[in-house]
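To be precise, the following lines are target_30.txt, and they hold compact mmCIF, C-alpha atoms.
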```
# COMPACT_ATOMS: atom_id res chain seq x y z
CA MET A 69 130.00 -12.74 28.20
CA ALA A 70 127.71 -15.70 27.55
CA ILE A 71 130.56 -18.08 28.44
CA LEU A 72 131.09 -16.31 31.75
CA LYS A 73 127.37 -16.45 32.52
CA HIS A 74 127.18 -20.20 31.85
CA THR A 75 130.36 -20.78 33.84
CA PHE A 76 128.90 -18.88 36.79
CA ILE A 77 125.62 -20.83 36.63
CA PHE A 78 127.56 -24.12 36.48
CA PHE A 79 129.64 -23.01 39.48
CA LEU A 80 126.48 -22.27 41.50
CA TYR A 81 125.08 -25.66 40.51
CA ILE A 82 128.20 -27.45 41.78
CA LEU A 83 128.05 -25.46 45.02
CA ALA A 84 124.40 -26.47 45.50
CA ILE A 85 125.27 -30.16 45.02
CA LEU A 86 128.17 -29.94 47.46
CA ALA A 87 126.03 -28.10 50.00
CA GLU A 88 123.25 -30.66 49.72
CA THR A 89 125.72 -33.54 50.10
CA ALA A 90 127.34 -31.98 53.17
CA PHE A 91 123.93 -31.16 54.55
CA SER A 92 122.61 -34.68 54.16
CA GLN A 93 125.67 -36.21 55.81
CA ASN A 94 125.35 -34.12 58.97
CA CYS A 95 121.62 -34.20 59.57
CA GLN A 96 122.01 -35.25 63.21
CA ASP A 97 123.43 -31.80 63.82
CA ILE A 98 121.40 -29.64 61.41
CA SER A 99 118.42 -31.89 60.53
CA CYS A 100 117.09 -32.66 57.03
CA PRO A 101 115.63 -30.02 54.69
CA GLY A 102 111.87 -29.75 54.53
CA LEU A 103 109.48 -32.04 56.35
CA LYS A 104 109.48 -35.19 54.20
CA GLU A 105 112.97 -36.62 54.71
CA CYS A 106 114.22 -38.65 57.67
CA CYS A 107 117.66 -38.42 59.21
CA SER A 108 119.25 -41.84 59.75
CA ARG A 109 121.55 -42.70 62.65
CA TRP A 110 124.45 -42.49 60.17
CA GLY A 111 123.73 -38.85 59.36
CA PHE A 112 122.12 -39.17 55.93
CA CYS A 113 118.73 -37.88 54.74
CA GLY A 114 116.21 -39.94 52.79
CA THR A 115 112.66 -41.24 52.64
CA GLU A 116 113.17 -45.01 52.35
CA ASP A 117 113.02 -47.54 55.19
CA ASP A 118 116.79 -47.35 55.71
CA TYR A 119 116.26 -43.73 56.75
CA CYS A 120 112.74 -43.69 58.24
CA GLY A 121 112.71 -47.19 59.72
CA PHE A 122 114.21 -48.57 62.91
CA PHE A 123 117.40 -46.52 62.72
CA CYS A 124 115.65 -43.20 62.06
CA PHE A 125 117.21 -40.44 64.16
CA SER A 126 114.72 -37.64 63.45
CA GLY A 127 112.04 -36.53 61.00
CA PRO A 128 108.87 -38.45 59.97
CA CYS A 129 110.17 -41.75 61.38
CA ASN A 130 108.08 -44.86 60.70
CA ILE A 131 109.16 -47.12 63.55
CA LYS A 132 105.91 -48.51 64.92
CA GLY A 133 106.18 -52.26 65.26
CA LYS A 134 109.71 -52.34 63.83
CA SER A 135 112.42 -54.16 65.77
CA TYR A 136 114.31 -56.18 63.11
CA GLY A 137 114.77 -58.92 65.71
CA TYR A 138 116.62 -56.73 68.20
CA ASP A 139 115.46 -55.73 71.66
CA TYR A 140 116.71 -52.14 71.63
CA ASN A 141 113.71 -50.35 73.11
CA VAL A 142 114.48 -48.75 76.49
CA ASP A 143 110.74 -48.04 76.81
CA ALA A 144 109.87 -51.76 76.66
CA GLY A 145 109.58 -54.37 79.38
CA PRO A 146 108.04 -54.36 82.87
CA ARG A 147 106.36 -51.14 83.95
CA GLY A 148 105.10 -49.59 87.14
CA LYS A 149 104.47 -46.30 88.89
CA ILE A 150 107.59 -44.34 89.70
CA GLU A 151 107.02 -44.48 93.47
CA SER A 152 106.67 -48.27 93.33
CA ILE A 153 109.78 -48.69 91.16
CA ILE A 154 111.93 -46.38 93.28
CA THR A 155 110.86 -46.69 96.91
CA PRO A 156 112.24 -44.49 99.70
CA ALA A 157 114.33 -47.42 100.93
CA LEU A 158 115.82 -48.07 97.50
CA PHE A 159 116.52 -44.37 96.93
CA ASP A 160 118.22 -44.11 100.32
CA SER A 161 120.34 -47.16 99.58
CA ILE A 162 121.57 -45.52 96.36
CA MET A 163 122.35 -42.23 98.08
CA SER A 164 123.99 -43.95 101.06
CA LYS A 165 126.95 -44.70 98.79
CA VAL A 166 127.67 -40.98 98.31
CA GLU A 167 130.86 -40.19 100.19
CA SER A 168 130.78 -37.74 103.09
CA ASN A 169 133.19 -35.30 101.42
CA CYS A 170 130.86 -34.83 98.42
CA SER A 171 129.26 -31.40 98.01
CA ALA A 172 125.93 -33.08 97.16
CA LYS A 173 125.89 -35.41 100.17
CA GLY A 174 122.26 -35.30 101.39
CA PHE A 175 121.28 -32.82 98.65
CA TYR A 176 119.35 -35.08 96.27
CA THR A 177 116.29 -36.12 98.26
CA TYR A 178 113.55 -38.66 97.57
CA LYS A 179 110.82 -36.04 97.91
CA ALA A 180 112.49 -33.85 95.28
CA PHE A 181 112.98 -36.88 93.04
CA ILE A 182 109.32 -37.96 93.13
CA THR A 183 107.94 -34.40 92.91
CA ALA A 184 110.08 -33.64 89.86
CA PHE A 185 109.22 -36.87 88.04
CA LYS A 186 105.48 -36.54 88.62
CA SER A 187 105.51 -32.94 87.37
CA PHE A 188 105.91 -34.44 83.87
CA GLY A 189 102.87 -36.15 82.38
CA ALA A 190 104.80 -39.18 81.11
CA TYR A 191 105.57 -40.26 84.68
CA LYS A 192 102.17 -39.83 86.31
CA GLY A 193 101.12 -43.30 85.16
CA LYS A 194 103.19 -46.41 84.60
CA VAL A 195 106.69 -46.10 83.19
CA ALA A 196 109.23 -48.66 81.95
CA LYS A 197 111.73 -49.83 84.55
CA ARG A 198 114.40 -49.77 81.84
CA GLU A 199 113.88 -46.06 81.34
CA ILE A 200 114.20 -45.38 85.06
CA ALA A 201 117.43 -47.41 85.12
CA ALA A 202 118.72 -45.42 82.14
CA ILE A 203 117.81 -42.12 83.81
CA LEU A 204 119.56 -43.11 87.03
CA ALA A 205 122.64 -44.20 85.10
CA HIS A 206 122.88 -40.86 83.31
CA PHE A 207 122.11 -38.87 86.46
CA SER A 208 124.75 -40.80 88.39
CA PHE A 209 127.34 -40.36 85.66
CA GLY A 210 126.51 -36.68 85.17
CA SER A 211 126.88 -35.85 88.87
CA LYS A 212 129.88 -38.12 89.54
CA SER A 213 127.83 -40.75 91.40
CA PHE A 214 125.50 -38.11 92.92
CA CYS A 215 128.56 -36.46 94.50
CA LEU A 216 128.44 -33.02 92.85
CA LYS A 217 125.83 -30.26 92.61
CA GLU A 218 127.70 -28.26 89.98
CA ASP A 219 130.69 -28.35 87.69
CA ILE A 220 132.17 -24.94 88.47
CA SER A 221 133.89 -23.54 85.40
CA SER A 222 135.68 -20.31 84.62
CA GLU A 223 133.87 -20.23 81.27
CA ARG A 224 130.61 -18.25 81.16
CA TYR A 225 128.91 -20.41 78.54
CA CYS A 226 127.15 -17.29 77.31
CA SER A 227 126.18 -16.88 73.66
CA LYS A 228 124.41 -14.01 71.92
CA SER A 229 120.68 -14.58 72.09
CA LYS A 230 117.75 -12.20 71.69
CA LYS A 231 115.35 -14.71 73.17
CA TYR A 232 117.49 -15.80 76.12
CA PRO A 233 120.10 -13.08 76.76
CA CYS A 234 122.64 -13.73 79.50
CA GLU A 235 122.09 -12.11 82.85
CA PRO A 236 125.01 -9.83 83.83
CA GLY A 237 127.44 -11.65 86.08
CA LYS A 238 125.80 -15.06 85.66
CA ASN A 239 127.54 -18.18 84.34
CA TYR A 240 125.72 -21.00 82.58
CA TYR A 241 128.00 -23.96 83.23
CA GLY A 242 126.76 -27.43 84.11
CA ARG A 243 124.78 -27.92 87.31
CA GLY A 244 122.70 -30.64 88.89
CA LEU A 245 122.41 -34.18 87.54
CA LEU A 246 123.23 -33.69 83.87
CA GLN A 247 126.18 -31.35 83.96
CA SER A 248 126.63 -31.56 80.20
CA ILE A 249 123.68 -29.12 79.98
CA THR A 250 125.34 -25.74 79.50
CA TRP A 251 124.74 -22.34 77.82
CA ASN A 252 122.13 -19.68 78.42
CA GLU A 253 119.76 -20.97 75.72
CA TYR A 254 119.20 -24.23 77.61
CA TYR A 255 118.78 -22.48 80.95
CA GLY A 256 116.37 -20.01 79.36
CA ALA A 257 114.29 -22.63 77.55
CA ALA A 258 114.14 -24.87 80.61
CA GLY A 259 113.19 -21.99 82.87
CA LYS A 260 110.41 -20.92 80.52
CA HIS A 261 108.97 -24.45 80.35
CA LEU A 262 109.24 -25.05 84.09
CA GLY A 263 108.15 -21.57 85.17
CA ILE A 264 111.41 -21.03 87.05
CA PRO A 265 113.73 -17.99 86.54
CA LEU A 266 116.75 -20.08 85.57
CA LEU A 267 118.09 -17.51 83.14
CA LYS A 268 118.28 -14.87 85.85
CA ASP A 269 119.29 -17.29 88.58
CA PRO A 270 121.01 -20.42 87.15
CA ASP A 271 122.37 -21.23 90.62
CA LEU A 272 118.86 -22.37 91.58
CA VAL A 273 119.77 -25.73 90.02
CA ALA A 274 122.54 -26.13 92.60
CA ARG A 275 120.50 -24.73 95.50
CA SER A 276 117.23 -26.63 95.14
CA PRO A 277 117.16 -30.42 94.76
CA GLU A 278 113.68 -30.24 93.22
CA VAL A 279 114.86 -27.75 90.61
CA ALA A 280 117.94 -29.90 89.96
CA PHE A 281 115.75 -32.93 89.19
CA LYS A 282 113.27 -30.88 87.13
CA PHE A 283 116.06 -29.27 85.09
CA ALA A 284 117.51 -32.68 84.22
CA MET A 285 114.10 -34.20 83.56
CA TRP A 286 113.16 -31.32 81.26
CA PHE A 287 116.21 -32.07 79.13
CA TRP A 288 115.53 -35.81 79.23
CA ASN A 289 111.91 -35.42 78.11
CA ARG A 290 112.79 -32.91 75.40
CA ASN A 291 115.95 -34.41 73.92
CA VAL A 292 116.29 -38.03 75.06
CA ARG A 293 112.90 -39.65 75.59
CA PRO A 294 111.79 -39.47 71.92
CA ALA A 295 114.73 -41.75 71.02
CA LEU A 296 114.25 -44.48 73.65
CA TYR A 297 113.42 -47.05 70.96
CA LEU A 298 116.98 -46.75 69.59
CA GLY A 299 118.63 -48.26 72.65
CA PHE A 300 120.80 -47.04 75.52
CA GLY A 301 123.83 -46.38 73.35
CA GLU A 302 121.98 -44.13 70.95
CA ILE A 303 120.12 -42.12 73.61
CA THR A 304 123.48 -41.42 75.24
CA LYS A 305 124.39 -39.37 72.16
CA ARG A 306 121.45 -37.09 72.91
CA ILE A 307 123.15 -36.08 76.16
CA ASP A 308 126.87 -36.18 75.44
CA GLY A 309 126.90 -35.77 71.67
CA ARG A 310 128.14 -38.24 69.10
CA GLU A 311 131.46 -38.95 70.83
CA CYS A 312 131.45 -42.45 72.31
CA SER A 313 134.94 -42.88 73.73
CA ASN A 314 134.19 -41.22 77.08
CA TRP A 315 131.50 -43.65 78.19
CA ARG A 316 132.26 -47.10 76.82
CA ARG A 317 132.75 -50.07 79.15
CA ASP A 318 136.10 -49.07 80.65
CA GLY A 319 135.77 -49.35 84.41
CA THR A 320 132.86 -49.70 86.79
CA LYS A 321 131.74 -46.07 86.75
CA ASN A 322 130.99 -45.74 83.04
CA LYS A 323 127.43 -45.36 81.83
CA VAL A 324 126.93 -48.81 80.33
CA ASN A 325 127.95 -50.64 83.49
CA GLN A 326 125.91 -48.28 85.65
CA TYR A 327 122.86 -48.86 83.45
CA ILE A 328 123.31 -52.64 83.71
CA GLU A 329 123.70 -52.34 87.48
CA PHE A 330 120.56 -50.22 87.87
CA CYS A 331 118.64 -52.67 85.67
CA LYS A 332 119.67 -55.50 88.01
CA MET A 333 118.62 -53.38 90.98
CA LEU A 334 115.16 -52.90 89.43
CA GLY A 335 114.85 -56.55 88.38
CA VAL A 336 114.78 -55.96 84.63
CA THR A 337 117.04 -56.99 81.75
CA PRO A 338 118.81 -54.17 79.88
CA ASP A 339 118.17 -53.63 76.19
CA GLN A 340 120.57 -54.96 73.56
CA GLY A 341 121.55 -51.59 72.14
CA LEU A 342 124.16 -50.77 74.78
CA ASP A 343 126.94 -49.40 72.56
CA CYS A 344 126.81 -46.38 70.30
```
Translate this file's structure into structure tokens.
Amino acid sequence: MAILKHTFIFFLYILAILAETAFSQNCQDISCPGLKECCSRWGFCGTEDDYCGFFCFSGPCNIKGKSYGYDYNVDAGPRGKIESIITPALFDSIMSKVESNCSAKGFYTYKAFITAFKSFGAYKGKVAKREIAAILAHFSFGSKSFCLKEDISSERYCSKSKKYPCEPGKNYYGRGLLQSITWNEYYGAAGKHLGIPLLKDPDLVARSPEVAFKFAMWFWNRNVRPALYLGFGEITKRIDGRECSNWRRDGTKNKVNQYIEFCKMLGVTPDQGLDC
């Protein structure tokens, strides 16, 4: 009996070690235990500089003043007010390239763009031109060069949720400028923050250009902006996950090339952290 007891305890100990190892290697998905450990960009948890320094993904990161000789920070460089960085003429020149057969032709307006940006505190003052270029690159990629208002799917993207239950007959597929944003939890959380009934009426994102911009900007501020210091390649993971193959520099319409092009348009050099 004693042998069985000790064997069982040893078995639980081994399980705990295996669980901790698996946990610490996937912290970008499930975060680190407690509040003291940092999650590195490679998916491991720890408290040393390799984890909490420049390549810290989440947790109590200690990145102030750290660059290790690389210019990765998308929030660095020349700054200005959003309306001076993106003027009506510049915005119109971008949207003039949208083809006439696109469902979003004329949908994304300058007024909606400025109103949505300035509804977030971070953009009421001066903002880095690099960040605006990065936002435009992701918005362009996510909407197929500002061509689409929604990515109509037969899948409901509805999961069980007490906090954000799905509305009968509503589908929570991608809409607007970041069409990788799906599922009822995201629509519910965004709607609550913005004061818009997106859970009950997700189609608002495809009907109102202002809501479309606000929906995308809510996600950007919540999930992407805290990681700007890691470079364009790393912040891309915050939108499309950890898979890199679908956005590397193959062709003119991929995200990296679009980011470089928007940087040129705004008269700023892109950061050095372009690849993930």
- Task: Can you work out which one of A:Leu246, A:Leu334, A:Cys106, A:Val142 has the shortest atom-to-atom distance to Ser208 of chain A, counting all atoms listed in the file?
- Result: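 Of A:Leu246, A:Leu334, A:Cys106, A:Val142, the one nearest Ser208 of chain A, counting all atoms listed in the file, is A:Leu246.
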- Message: (107.4, -37.7, 82.6) in this file's frame - what residues fall within 10 Å of it? Use all atoms listed in the file and give the answer as a count of residues only.
- Response: 18
- Message: Ranking A:Leu216, A:Val336, A:Val324, A:Ala274 by minimum distance to Ser168 of chain A and counting all atoms listed in the file, which one comes first?
- Response: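 Looking only at the distances to Ser168 of chain A, the closest residue turns out to be A:Leu216.
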- Message: To one decimal place in Å, what is the distance between atom CA of Gln340 of chain A and atom CA of Gly111 of chain A?
- Response: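 So the two atoms, atom CA of Gln340 of chain A and atom CA of Gly111 of chain A, lie 21.7 Å apart.
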- Task: For atom CA of Ala202 of chain A and atom CA of Glu218 of chain A, determine how far apart the two atoms are, in Å to one decimal place.
- Result: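 Going from atom CA of Ala202 of chain A over to atom CA of Glu218 of chain A covers 20.9 Å.
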Write out as a PDB file with C-alpha atoms, in the coordinates of the input each polymer residue whose atoms come within 12 Å of Leu296 of chain A, counting all atoms listed in the file; drop sequence neighbours fewer than 3 positions from it.
```
ATOM      1  CA  PHE A 122     114.210 -48.570  62.910  1.00  0.00           C
ATOM      2  CA  PHE A 123     117.400 -46.520  62.720  1.00  0.00           C
ATOM      3  CA  CYS A 124     115.650 -43.200  62.060  1.00  0.00           C
ATOM      4  CA  PHE A 125     117.210 -40.440  64.160  1.00  0.00           C
ATOM      5  CA  ILE A 131     109.160 -47.120  63.550  1.00  0.00           C
ATOM      6  CA  ASP A 139     115.460 -55.730  71.660  1.00  0.00           C
ATOM      7  CA  TYR A 140     116.710 -52.140  71.630  1.00  0.00           C
ATOM      8  CA  ASN A 141     113.710 -50.350  73.110  1.00  0.00           C
ATOM      9  CA  VAL A 142     114.480 -48.750  76.490  1.00  0.00           C
ATOM     10  CA  ASP A 143     110.740 -48.040  76.810  1.00  0.00           C
ATOM     11  CA  ALA A 144     109.870 -51.760  76.660  1.00  0.00           C
ATOM     12  CA  ALA A 196     109.230 -48.660  81.950  1.00  0.00           C
ATOM     13  CA  ARG A 198     114.400 -49.770  81.840  1.00  0.00           C
ATOM     14  CA  GLU A 199     113.880 -46.060  81.340  1.00  0.00           C
ATOM     15  CA  ILE A 200     114.200 -45.380  85.060  1.00  0.00           C
ATOM     16  CA  ALA A 202     118.720 -45.420  82.140  1.00  0.00           C
ATOM     17  CA  ILE A 203     117.810 -42.120  83.810  1.00  0.00           C
ATOM     18  CA  TRP A 288     115.530 -35.810  79.230  1.00  0.00           C
ATOM     19  CA  ASN A 289     111.910 -35.420  78.110  1.00  0.00           C
ATOM     20  CA  ARG A 290     112.790 -32.910  75.400  1.00  0.00           C
ATOM     21  CA  ASN A 291     115.950 -34.410  73.920  1.00  0.00           C
ATOM     22  CA  VAL A 292     116.290 -38.030  75.060  1.00  0.00           C
ATOM     23  CA  ARG A 293     112.900 -39.650  75.590  1.00  0.00           C
ATOM     24  CA  GLY A 299     118.630 -48.260  72.650  1.00  0.00           C
ATOM     25  CA  PHE A 300     120.800 -47.040  75.520  1.00  0.00           C
ATOM     26  CA  GLY A 301     123.830 -46.380  73.350  1.00  0.00           C
ATOM     27  CA  GLU A 302     121.980 -44.130  70.950  1.00  0.00           C
ATOM     28  CA  ILE A 303     120.120 -42.120  73.610  1.00  0.00           C
ATOM     29  CA  THR A 304     123.480 -41.420  75.240  1.00  0.00           C
ATOM     30  CA  LYS A 305     124.390 -39.370  72.160  1.00  0.00           C
ATOM     31  CA  ARG A 306     121.450 -37.090  72.910  1.00  0.00           C
ATOM     32  CA  ASP A 339     118.170 -53.630  76.190  1.00  0.00           C
ATOM     33  CA  GLY A 341     121.550 -51.590  72.140  1.00  0.00           C
ATOM     34  CA  LEU A 342     124.160 -50.770  74.780  1.00  0.00           C
TER      35      LEU A 342
END
```
- Provide the atom CA of Gly114 of chain A to atom CA of Pro294 of chain A distance in Å, to one decimal place.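 The value is 19.6 Å.
The nearest approach to Arg109 of chain A among the residues A:Lys323, A:Ala180, A:Ala295, A:Tyr241, with only C-alpha atoms taken into account, belongs to A:Ala295.
The list of residues with at least one atom within 12 Å of Val166 of chain A, based on only C-alpha atoms and without residues fewer than 3 positions apart in the same chain, reads A:Phe159, A:Asp160, A:Ser161, A:Ile162, A:Met163, A:Asn169, A:Cys170, A:Ser171, A:Ala172, A:Lys173, A:Gly174, A:Phe175, A:Tyr176, A:Ser208, A:Ser211, A:Lys212, A:Ser213, A:Phe214, A:Cys215, A:Leu216.
Minimum atom-to-atom distances from A:Asp271, A:Cys95, A:Pro128, A:Gly148 to Cys113 of chain A were compared using all atoms listed in the file, and the lowest value belongs to A:Cys95.
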- Among the residues A:Cys331, A:Leu298, A:Cys234, A:Ile264, the one that comes closest to Trp251 of chain A [using all atoms listed in the file]: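 Among the listed residues, A:Cys234 lies closest to Trp251 of chain A.
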